[in-house]
Amino acid sequence: MILIPGRSSKQGTSLNKGKLKEEYQTVTSTLEVNEDDMIRLGLEAGDKVKLSNEIGETIVSVKKVLSEKLPSGCLFIPYGPPSSQLMEGDTGSTGMPLSKHMEVIIEKV
């Protein structure tokens with residue numbers, strides 16, 4: 001599947017409260033999954049999954065998202081420590097690690 005890490009309003013507001021606060025940690029460790037993919041993968045909201053690629057792996061909770069908001073085959077997670085575990089160090093001279101369209105394997109834990 002394709003993982004797209006990015007900014008979200010909840011990630012931004014919880015960041016202002018502090019990275020060590022429960023709200024930030026919850027927001028940044030919640031993976032959004034298309035509702036059809038949830039059925040296909042046998043997942044329910046709140047399940048834990050392992051995401052892995054050639055860089056690393058992380059374990060996160062899943063949240064169902066309507067098909068109109070996230071295409072099948074794509075996953076979204078707000079930037080944070082879990083998503084960073086899957087990113088290369090290369091920034092392409094931008095100062096931000098290359099993080100879009102990462103191929104990942106998703107497995108129910």
# chains A, B, ... in the order shown; residues from 1 in each chain; ligands from 1
call {"tool": "residues_around", "arguments": {"residues": "Gln25 of chain A", "least_positions_apart": "2", "cutoff": "12 Å", "atoms": "only C-alpha atoms", "output": "list in words"}}
result
Lys10, Gln11, Gly12, Ser14, Leu15, Lys17, Gly18, Lys19, Leu20, Lys21, Glu22, Glu23, Val27, Thr28, Ser29, Thr30, Val60, Ser61, Ile77, Pro78, Tyr79, Gly80, Pro81, Pro82 and Ser83 of chain A
call {"tool": "residues_around", "arguments": {"residues": "segment 49-58 of chain A", "least_positions_apart": "5", "cutoff": "6 Å", "atoms": "only C-alpha atoms", "output": "PyMOL selection string"}}
result
chain A and resi 82+85-86+104-109
call {"tool": "select_by_dssp", "arguments": {"residues": "chain A", "states": "strand (DSSP E)", "output": "MDAnalysis selection string"}}
result
chainID A and resid 2:6 30:34 48:52 57:65 74:78 102:103 105:108
call {"tool": "write_last_selection", "arguments": {"atoms": "C-alpha atoms", "output": "PDB file, in the first residue's frame"}}
result
ATOM      1  CA  ILE A   2       1.024   3.622  -0.376  1.00  0.00           C
ATOM      2  CA  LEU A   3       1.586   5.600   2.839  1.00  0.00           C
ATOM      3  CA  ILE A   4       1.205   9.363   2.734  1.00  0.00           C
ATOM      4  CA  PRO A   5       2.438  11.085   5.897  1.00  0.00           C
ATOM      5  CA  GLY A   6       1.421  14.705   6.241  1.00  0.00           C
ATOM      6  CA  THR A  30      -3.316   6.750  14.300  1.00  0.00           C
ATOM      7  CA  LEU A  31      -3.335   5.477  10.712  1.00  0.00           C
ATOM      8  CA  GLU A  32      -6.252   6.422   8.473  1.00  0.00           C
ATOM      9  CA  VAL A  33      -7.379   3.548   6.232  1.00  0.00           C
ATOM     10  CA  ASN A  34      -9.982   3.546   3.443  1.00  0.00           C
ATOM     11  CA  LYS A  48      -3.109  -2.306  15.888  1.00  0.00           C
ATOM     12  CA  VAL A  49      -1.123  -2.821  12.697  1.00  0.00           C
ATOM     13  CA  LYS A  50       2.542  -3.010  11.846  1.00  0.00           C
ATOM     14  CA  LEU A  51       3.708  -0.860   8.952  1.00  0.00           C
ATOM     15  CA  SER A  52       7.054  -1.795   7.450  1.00  0.00           C
ATOM     16  CA  GLU A  57       8.774  -0.491  10.959  1.00  0.00           C
ATOM     17  CA  THR A  58       6.263   0.922  13.412  1.00  0.00           C
ATOM     18  CA  ILE A  59       3.064  -0.125  15.151  1.00  0.00           C
ATOM     19  CA  VAL A  60      -0.002   2.138  15.053  1.00  0.00           C
ATOM     20  CA  SER A  61      -3.777   2.049  15.583  1.00  0.00           C
ATOM     21  CA  VAL A  62      -6.181   2.226  12.642  1.00  0.00           C
ATOM     22  CA  LYS A  63      -9.095   4.529  11.970  1.00  0.00           C
ATOM     23  CA  LYS A  64     -11.674   4.022   9.197  1.00  0.00           C
ATOM     24  CA  VAL A  65     -11.993   6.784   6.603  1.00  0.00           C
ATOM     25  CA  CYS A  74      -3.607   4.652   0.170  1.00  0.00           C
ATOM     26  CA  LEU A  75      -2.957   5.201   3.872  1.00  0.00           C
ATOM     27  CA  PHE A  76      -2.568   8.509   5.730  1.00  0.00           C
ATOM     28  CA  ILE A  77      -0.774   9.224   8.998  1.00  0.00           C
ATOM     29  CA  PRO A  78       0.039  12.601  10.569  1.00  0.00           C
ATOM     30  CA  MET A 102       6.096   5.390   0.471  1.00  0.00           C
ATOM     31  CA  GLU A 103       5.334   1.761  -0.281  1.00  0.00           C
ATOM     32  CA  ILE A 105       3.456  -3.525   4.057  1.00  0.00           C
ATOM     33  CA  ILE A 106       0.556  -3.485   6.521  1.00  0.00           C
ATOM     34  CA  GLU A 107      -0.002  -6.415   8.894  1.00  0.00           C
ATOM     35  CA  LYS A 108      -2.530  -6.805  11.701  1.00  0.00           C
TER      36      LYS A 108
END
call {"tool": "select_by_dssp", "arguments": {"residues": "chain A", "states": "alpha helix (DSSP H)", "output": "PyMOL selection string"}}
result
chain A and resi 9-17+22-28+35-41+81-84
